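Raw input_17.json, JSON, C-alpha atoms and all ligand atoms:
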[["chain", "number", "residue", "atom", "x", "y", "z"],
["A", 1, "MET", "CA", -126.25, 138.83, 59.66],
["A", 2, "ASN", "CA", -127.01, 137.35, 63.06],
["A", 3, "GLU", "CA", -127.32, 140.36, 65.35],
["A", 4, "THR", "CA", -127.37, 138.39, 68.58],
["A", 5, "LEU", "CA", -124.35, 139.17, 70.72],
["A", 6, "ALA", "CA", -124.94, 137.22, 73.92],
["A", 7, "ARG", "CA", -127.46, 135.56, 76.15],
["A", 8, "ILE", "CA", -127.36, 136.65, 79.79],
["A", 9, "THR", "CA", -129.12, 135.35, 82.88],
["A", 10, "ILE", "CA", -129.15, 137.57, 85.96],
["A", 11, "ASN", "CA", -129.77, 136.71, 89.58],
["A", 12, "SER", "CA", -132.39, 139.36, 90.31],
["A", 13, "GLU", "CA", -131.62, 139.42, 94.05],
["A", 14, "THR", "CA", -127.85, 139.90, 93.86],
["A", 15, "ARG", "CA", -127.85, 141.58, 90.41],
["A", 16, "HIS", "CA", -124.98, 139.28, 89.46],
["A", 17, "VAL", "CA", -124.63, 137.42, 86.20],
["A", 18, "LYS", "CA", -125.56, 133.75, 86.61],
["A", 19, "ASP", "CA", -124.74, 132.81, 83.03],
["A", 20, "LEU", "CA", -123.34, 134.61, 80.00],
["A", 21, "SER", "CA", -122.90, 132.90, 76.64],
["A", 22, "LEU", "CA", -121.27, 134.87, 73.86],
["A", 23, "HIS", "CA", -122.62, 134.33, 70.33],
["A", 24, "GLN", "CA", -120.18, 136.66, 68.48],
["A", 25, "LYS", "CA", -116.48, 136.15, 69.09],
["A", 26, "HIS", "CA", -114.87, 138.76, 66.84],
["A", 27, "LEU", "CA", -117.03, 141.89, 67.10],
["A", 28, "ARG", "CA", -115.14, 145.10, 67.86],
["A", 29, "PHE", "CA", -116.52, 148.50, 68.84],
["A", 30, "LYS", "CA", -115.24, 152.02, 69.25],
["A", 31, "CYS", "CA", -117.65, 154.95, 69.19],
["A", 32, "LEU", "CA", -116.60, 157.43, 66.49],
["A", 33, "ARG", "CA", -118.74, 160.21, 68.03],
["A", 34, "CYS", "CA", -120.28, 160.61, 64.57],
["A", 35, "ALA", "CA", -123.76, 161.18, 66.10],
["A", 36, "ILE", "CA", -125.24, 159.97, 62.84],
["A", 37, "PHE", "CA", -127.61, 157.24, 63.92],
["A", 38, "CYS", "CA", -127.98, 157.23, 67.67],
["A", 39, "CYS", "CA", -128.79, 160.95, 68.03],
["A", 40, "ARG", "CA", -131.02, 161.52, 65.03],
["A", 41, "LEU", "CA", -133.53, 158.73, 65.14],
["A", 42, "GLY", "CA", -136.03, 160.20, 67.58],
["A", 43, "GLY", "CA", -136.20, 159.63, 71.30],
["A", 44, "PRO", "CA", -134.47, 158.15, 73.17],
["A", 45, "TRP", "CA", -136.78, 156.89, 75.87],
["A", 46, "LEU", "CA", -135.99, 157.95, 79.44],
["A", 47, "THR", "CA", -136.18, 156.21, 82.81],
["A", 48, "GLY", "CA", -137.04, 158.13, 85.97],
["A", 49, "ARG", "CA", -133.33, 157.97, 86.91],
["A", 50, "ASP", "CA", -132.36, 159.46, 83.53],
["A", 51, "ILE", "CA", -134.75, 162.36, 84.10],
["A", 52, "GLU", "CA", -133.34, 163.02, 87.58],
["A", 53, "ARG", "CA", -129.71, 162.93, 86.31],
["A", 54, "ILE", "CA", -130.46, 165.44, 83.54],
["A", 55, "LYS", "CA", -132.31, 167.70, 85.98],
["A", 56, "GLN", "CA", -129.31, 167.56, 88.34],
["A", 57, "ALA", "CA", -127.11, 168.63, 85.43],
["A", 58, "GLY", "CA", -129.09, 171.88, 85.44],
["A", 59, "TYR", "CA", -131.72, 171.34, 82.76],
["A", 60, "ASP", "CA", -135.40, 172.13, 83.19],
["A", 61, "MET", "CA", -137.67, 169.16, 82.57],
["A", 62, "LYS", "CA", -140.04, 171.16, 80.37],
["A", 63, "ASP", "CA", -137.16, 171.85, 77.96],
["A", 64, "PHE", "CA", -136.18, 168.21, 77.40],
["A", 65, "LEU", "CA", -138.95, 165.82, 78.43],
["A", 66, "GLU", "CA", -141.55, 164.60, 75.99],
["A", 67, "PRO", "CA", -144.08, 162.86, 78.22],
["A", 68, "ALA", "CA", -145.80, 159.84, 76.74],
["A", 69, "LEU", "CA", -148.64, 157.52, 77.54],
["A", 70, "LYS", "CA", -147.50, 154.58, 79.68],
["A", 71, "SER", "CA", -149.01, 152.20, 77.14],
["A", 72, "LYS", "CA", -146.27, 153.23, 74.70],
["A", 73, "PHE", "CA", -143.65, 151.61, 76.95],
["A", 74, "LYS", "CA", -145.30, 148.23, 77.42],
["A", 75, "GLY", "CA", -142.04, 146.35, 76.76],
["A", 76, "LEU", "CA", -140.06, 148.61, 79.11],
["A", 77, "PRO", "CA", -142.43, 149.75, 81.87],
["A", 78, "ILE", "CA", -139.54, 151.55, 83.59],
["A", 79, "MET", "CA", -139.73, 154.29, 80.91],
["A", 80, "ARG", "CA", -141.28, 157.66, 81.77],
["A", 81, "GLY", "CA", -141.08, 159.60, 78.51],
["A", 82, "SER", "CA", -138.57, 160.47, 75.83],
["A", 83, "LEU", "CA", -136.17, 163.27, 74.98],
["A", 84, "LYS", "CA", -137.57, 166.04, 72.84],
["A", 85, "ASN", "CA", -136.39, 166.25, 69.27],
["A", 86, "LYS", "CA", -135.66, 169.26, 67.10],
["A", 87, "GLU", "CA", -137.52, 169.84, 63.84],
["A", 88, "ASP", "CA", -134.95, 167.84, 61.86],
["A", 89, "GLY", "CA", -135.54, 164.83, 64.14],
["A", 90, "SER", "CA", -132.25, 165.16, 66.02],
["A", 91, "CYS", "CA", -132.08, 165.07, 69.80],
["A", 92, "VAL", "CA", -132.59, 168.35, 71.64],
["A", 93, "PHE", "CA", -129.16, 167.89, 73.27],
["A", 94, "LEU", "CA", -127.25, 167.47, 70.02],
["A", 95, "LYS", "CA", -125.32, 170.66, 69.22],
["A", 96, "PHE", "CA", -122.84, 171.53, 66.48],
["A", 97, "ASP", "CA", -119.39, 172.34, 67.86],
["A", 98, "ALA", "CA", -117.71, 174.67, 65.35],
["A", 99, "GLU", "CA", -114.23, 174.18, 66.86],
["A", 100, "LYS", "CA", -114.40, 170.40, 66.50],
["A", 101, "ASN", "CA", -116.47, 170.65, 63.30],
["A", 102, "ARG", "CA", -118.83, 167.96, 64.51],
["A", 103, "CYS", "CA", -121.98, 167.53, 66.55],
["A", 104, "GLU", "CA", -121.58, 166.87, 70.26],
["A", 105, "CYS", "CA", -123.90, 165.67, 72.99],
["A", 106, "LEU", "CA", -124.38, 168.49, 75.52],
["A", 107, "ILE", "CA", -125.08, 166.02, 78.32],
["A", 108, "TYR", "CA", -122.61, 163.28, 77.42],
["A", 109, "ASP", "CA", -121.69, 162.47, 81.04],
["A", 110, "PHE", "CA", -125.37, 162.45, 82.03],
["A", 111, "ARG", "CA", -126.82, 160.88, 78.89],
["A", 112, "PRO", "CA", -129.74, 158.46, 79.22],
["A", 113, "VAL", "CA", -129.19, 154.78, 79.74],
["A", 114, "LEU", "CA", -130.32, 153.87, 76.21],
["A", 115, "CYS", "CA", -127.70, 156.26, 74.80],
["A", 116, "ARG", "CA", -125.05, 154.56, 76.98],
["A", 117, "LEU", "CA", -126.12, 151.19, 75.68],
["A", 118, "TYR", "CA", -126.21, 152.11, 71.98],
["A", 119, "PRO", "CA", -125.34, 150.41, 69.57],
["A", 120, "PHE", "CA", -126.37, 147.52, 71.77],
["A", 121, "ASP", "CA", -129.91, 146.60, 72.63],
["A", 122, "PHE", "CA", -131.68, 143.73, 74.30],
["A", 123, "GLY", "CA", -134.84, 141.68, 74.41],
["A", 124, "TRP", "CA", -136.29, 139.46, 77.10],
["A", 125, "ILE", "CA", -136.42, 135.69, 76.90],
["A", 126, "SER", "CA", -137.80, 135.33, 80.42],
["A", 127, "LEU", "CA", -137.96, 137.51, 83.53],
["A", 128, "ASN", "CA", -134.23, 137.20, 84.30],
["A", 129, "THR", "CA", -132.80, 136.18, 80.93],
["A", 130, "ILE", "CA", -132.11, 138.51, 78.04],
["A", 131, "VAL", "CA", -130.62, 138.39, 74.58],
["A", 132, "LEU", "CA", -128.12, 141.17, 74.00],
["A", 133, "LYS", "CA", -128.08, 142.37, 70.38],
["A", 134, "PHE", "CA", -126.17, 144.91, 68.34],
["A", 135, "ILE", "CA", -127.53, 147.48, 65.89],
["A", 136, "PRO", "CA", -125.44, 146.91, 62.75],
["A", 137, "CYS", "CA", -125.82, 150.37, 61.14],
["A", 138, "CYS", "CA", -123.59, 151.99, 63.80],
["A", 139, "ARG", "CA", -120.26, 152.99, 62.25],
["A", 140, "GLY", "CA", -118.31, 152.17, 65.38],
["A", 141, "LEU", "CA", -118.99, 148.45, 65.02],
["A", 142, "ASN", "CA", -116.33, 146.34, 63.35],
["A", 143, "ASN", "CA", -113.91, 149.22, 63.75],
["A", 144, "PRO", "CA", -110.45, 147.57, 63.64],
["A", 145, "ASP", "CA", -109.27, 150.04, 66.32],
["A", 146, "GLY", "CA", -112.18, 149.12, 68.55],
["A", 147, "GLU", "CA", -112.20, 147.02, 71.68],
["A", 148, "LEU", "CA", -113.12, 143.37, 71.37],
["A", 149, "VAL", "CA", -116.72, 142.97, 72.52],
["A", 150, "ASP", "CA", -116.19, 139.97, 74.77],
["A", 151, "GLU", "CA", -117.43, 138.92, 78.20],
["A", 152, "GLU", "CA", -115.18, 141.50, 79.87],
["A", 153, "PHE", "CA", -116.46, 144.34, 77.65],
["A", 154, "ILE", "CA", -120.06, 143.34, 78.34],
["A", 155, "THR", "CA", -119.45, 143.19, 82.07],
["A", 156, "ASN", "CA", -117.47, 146.43, 82.24],
["A", 157, "TYR", "CA", -119.40, 148.65, 79.83],
["A", 158, "LEU", "CA", -122.86, 147.26, 79.14],
["A", 159, "LEU", "CA", -124.07, 145.38, 82.16],
["A", 160, "ASP", "CA", -124.89, 148.35, 84.40],
["A", 161, "SER", "CA", -127.09, 149.84, 81.68],
["A", 162, "VAL", "CA", -128.81, 146.52, 81.05],
["A", 163, "LEU", "CA", -129.44, 146.07, 84.79],
["A", 164, "ASP", "CA", -130.78, 149.63, 85.02],
["A", 165, "LEU", "CA", -133.41, 148.68, 82.46],
["A", 166, "MET", "CA", -134.12, 145.14, 83.63],
["A", 167, "ILE", "CA", -134.47, 145.43, 87.37],
["B", 1, "LIG", "S1", -122.70, 154.93, 68.81],
["B", 1, "LIG", "FE1", -122.31, 154.54, 66.63],
["B", 1, "LIG", "S2", -123.70, 155.93, 65.51],
["B", 1, "LIG", "FE2", -123.57, 156.65, 67.65],
["B", 1, "LIG", "S3", -121.93, 158.20, 67.68],
["B", 1, "LIG", "FE3", -120.98, 156.24, 68.20],
["B", 1, "LIG", "S4", -120.24, 155.40, 66.27],
["B", 1, "LIG", "FE4", -121.72, 157.01, 65.76],
["B", 2, "LIG", "S1", -128.73, 162.59, 74.87],
["B", 2, "LIG", "FE1", -126.80, 162.87, 73.78],
["B", 2, "LIG", "S2", -126.18, 160.79, 73.19],
["B", 2, "LIG", "FE2", -128.38, 160.72, 73.68],
["B", 2, "LIG", "S3", -129.46, 161.03, 71.74],
["B", 2, "LIG", "FE3", -129.22, 163.04, 72.74],
["B", 2, "LIG", "S4", -127.33, 163.92, 71.87],
["B", 2, "LIG", "FE4", -127.32, 161.70, 71.45]]
Let's see the structure in the file written out as structure tokens.
Amino acid sequence: MNETLARITINSETRHVKDLSLHQKHLRFKCLRCAIFCCRLGGPWLTGRDIERIKQAGYDMKDFLEPALKSKFKGLPIMRGSLKNKEDGSCVFLKFDAEKNRCECLIYDFRPVLCRLYPFDFGWISLNTIVLKFIPCCRGLNNPDGELVDEEFITNYLLDSVLDLMI
């Protein structure tokens, strides 16, 4: 399967999209809040802004931040560490909610930018051009009840996260 969703060029001064070409026309997405893949795979990496947001939500850095050598984040120099994981590999903020009978993110409104972006991801082609991809194992993809992942979806839901990581 071709996992490329779109190619995007940004004007780095205005932070506006100069060009967006969509490679997938029929992809749909709705998060099922299953917390199966995104919250149990280790990490995620954190930007300085992520760390500040989580601190402002009342959490102590020593309880959630796993510092890492800068060399680990060569591809994304904006990263400052990662979220701690529990022994089973799940995120430290993933908690079972007995009433809902499912796991919930304790910091959903303040979650890191990579969590907001998931199941989408990107790679650089040049300084201001990226390829936006999707991670096919996520159960929310190709959900018939999901929203069409088109230019509007990318602009409304993904672009801020991408810009947070790019610029
Ligand atoms: S992003 Fe995907 S894997 Fe993560 S909770 Fe939503 S549906 Fe599940
Ligand atoms: S911060 Fe929340 S959304 Fe992100 S990995 Fe942890 S539990 Fe999942």
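Residue nearest Leu106 of chain A, chosen from A:Ile10, A:Cys39, A:Val149, A:Ile154 and counting all atoms listed in the file: A:Cys39.
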Surrounding residues as an NGL selection string, ligand LIG 2 (chain B), max 8 Å, all atoms listed in the file: :A and (35 or 38-40 or 42-44 or 83 or 90-95 or 104-108 or 110-112 or 114-116)
Edge lengths and centre in Å, axis-aligned, segment 134-149 of chain A plus 8 Å each side, as lines of an AutoDock Vina configuration file:
center_x = -118.4
center_y = 148.0
center_z = 66.8
size_x = 34.3
size_y = 26.0
size_z = 27.4
Contacts of ligand LIG 1 (chain B), 12 Å or closer, only C-alpha atoms and all ligand atoms, given as a ChimeraX atom specification: /A:28-41,94,102-105,108,114-121,134-143,146
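Rounded to one decimal, atom CA of Gly123 of chain A and atom CA of Leu22 of chain A lie 15.2 Å from each other.
Atom CA of Phe73 of chain A lies 27.9 Å from atom CA of Ser21 of chain A.
The coordinates place atom CA of Ala6 of chain A at 16.6 Å from atom CA of Leu165 of chain A.
For the set A:Asp19, A:Asp88, A:Asp60, A:Asp145, the residue with the smallest atom-to-atom gap to Arg7 of chain A is A:Asp19, counting all atoms listed in the file.
Of the residues under consideration (A:Leu20, A:Ile54, A:Ile78, A:Leu65), A:Leu20 shows the shortest atom-to-atom contact distance to Ile8 of chain A when counting only C-alpha atoms.
When only C-alpha atoms are used to compute distances to Phe64 of chain A, the closest of the residues A:Thr155, A:Ser82, A:Thr129, A:Asn11 turns out to be A:Ser82.
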Nearest to Gly48 of chain A, chosen from A:Lys62, A:Phe96, A:Asp164, A:Leu127, with all atoms listed in the file counted in the distances: A:Asp164
Shell of 10 Å around Arg15 of chain A, only C-alpha atoms, local chain residues under 2 positions omitted, as a PyMOL selection string: chain A and resi 9-13+17-18+128+159-160+163+166-167
Taking the partial coordinates given, rebuild segment 25-39 of chain A to contain N, CA, C and O atoms; return it as an mmCIF file, in the frame of the given file.
data_model
loop_
_atom_site.group_PDB
_atom_site.id
_atom_site.type_symbol
_atom_site.label_atom_id
_atom_site.label_comp_id
_atom_site.auth_asym_id
_atom_site.auth_seq_id
_atom_site.Cartn_x
_atom_site.Cartn_y
_atom_site.Cartn_z
ATOM 1 N N LYS A 25 -117.803 136.207 68.447
ATOM 2 C CA LYS A 25 -116.480 136.150 69.090
ATOM 3 C C LYS A 25 -115.534 137.243 68.581
ATOM 4 O O LYS A 25 -114.507 137.496 69.185
ATOM 5 N N HIS A 26 -115.857 137.876 67.458
ATOM 6 C CA HIS A 26 -114.870 138.760 66.840
ATOM 7 C C HIS A 26 -115.348 140.206 66.689
ATOM 8 O O HIS A 26 -114.691 140.999 66.029
ATOM 9 N N LEU A 27 -116.480 140.538 67.269
ATOM 10 C CA LEU A 27 -117.030 141.890 67.100
ATOM 11 C C LEU A 27 -116.178 142.912 67.862
ATOM 12 O O LEU A 27 -115.776 142.670 69.000
ATOM 13 N N ARG A 28 -115.872 144.021 67.187
ATOM 14 C CA ARG A 28 -115.140 145.100 67.860
ATOM 15 C C ARG A 28 -115.988 146.356 67.833
ATOM 16 O O ARG A 28 -116.812 146.552 66.937
ATOM 17 N N PHE A 29 -115.756 147.245 68.812
ATOM 18 C CA PHE A 29 -116.520 148.500 68.840
ATOM 19 C C PHE A 29 -115.693 149.631 69.417
ATOM 20 O O PHE A 29 -115.025 149.490 70.431
ATOM 21 N N LYS A 30 -115.761 150.762 68.699
ATOM 22 C CA LYS A 30 -115.240 152.020 69.250
ATOM 23 C C LYS A 30 -116.146 153.121 68.728
ATOM 24 O O LYS A 30 -116.298 153.267 67.500
ATOM 25 N N CYS A 31 -116.746 153.880 69.626
ATOM 26 C CA CYS A 31 -117.650 154.950 69.190
ATOM 27 C C CYS A 31 -116.835 156.020 68.462
ATOM 28 O O CYS A 31 -115.801 156.469 68.942
ATOM 29 N N LEU A 32 -117.302 156.415 67.287
ATOM 30 C CA LEU A 32 -116.600 157.430 66.490
ATOM 31 C C LEU A 32 -117.135 158.837 66.758
ATOM 32 O O LEU A 32 -116.692 159.787 66.125
ATOM 33 N N ARG A 33 -118.086 158.934 67.697
ATOM 34 C CA ARG A 33 -118.740 160.210 68.030
ATOM 35 C C ARG A 33 -119.280 160.880 66.765
ATOM 36 O O ARG A 33 -119.252 162.095 66.634
ATOM 37 N N CYS A 34 -119.767 160.057 65.829
ATOM 38 C CA CYS A 34 -120.280 160.610 64.570
ATOM 39 C C CYS A 34 -121.686 161.176 64.758
ATOM 40 O O CYS A 34 -122.129 162.016 63.969
ATOM 41 N N ALA A 35 -122.390 160.719 65.795
ATOM 42 C CA ALA A 35 -123.760 161.180 66.100
ATOM 43 C C ALA A 35 -124.681 161.058 64.891
ATOM 44 O O ALA A 35 -125.586 161.857 64.711
ATOM 45 N N ILE A 36 -124.429 160.082 64.050
ATOM 46 C CA ILE A 36 -125.240 159.970 62.840
ATOM 47 C C ILE A 36 -126.532 159.208 63.131
ATOM 48 O O ILE A 36 -127.617 159.668 62.806
ATOM 49 N N PHE A 37 -126.402 158.043 63.725
ATOM 50 C CA PHE A 37 -127.610 157.240 63.920
ATOM 51 C C PHE A 37 -128.220 157.456 65.296
ATOM 52 O O PHE A 37 -129.395 157.748 65.419
ATOM 53 N N CYS A 38 -127.406 157.291 66.334
ATOM 54 C CA CYS A 38 -127.980 157.230 67.670
ATOM 55 C C CYS A 38 -128.673 158.525 68.084
ATOM 56 O O CYS A 38 -129.567 158.498 68.908
ATOM 57 N N CYS A 39 -128.271 159.663 67.544
ATOM 58 C CA CYS A 39 -128.790 160.950 68.030
ATOM 59 C C CYS A 39 -129.777 161.609 67.069
ATOM 60 O O CYS A 39 -130.179 162.739 67.281
#
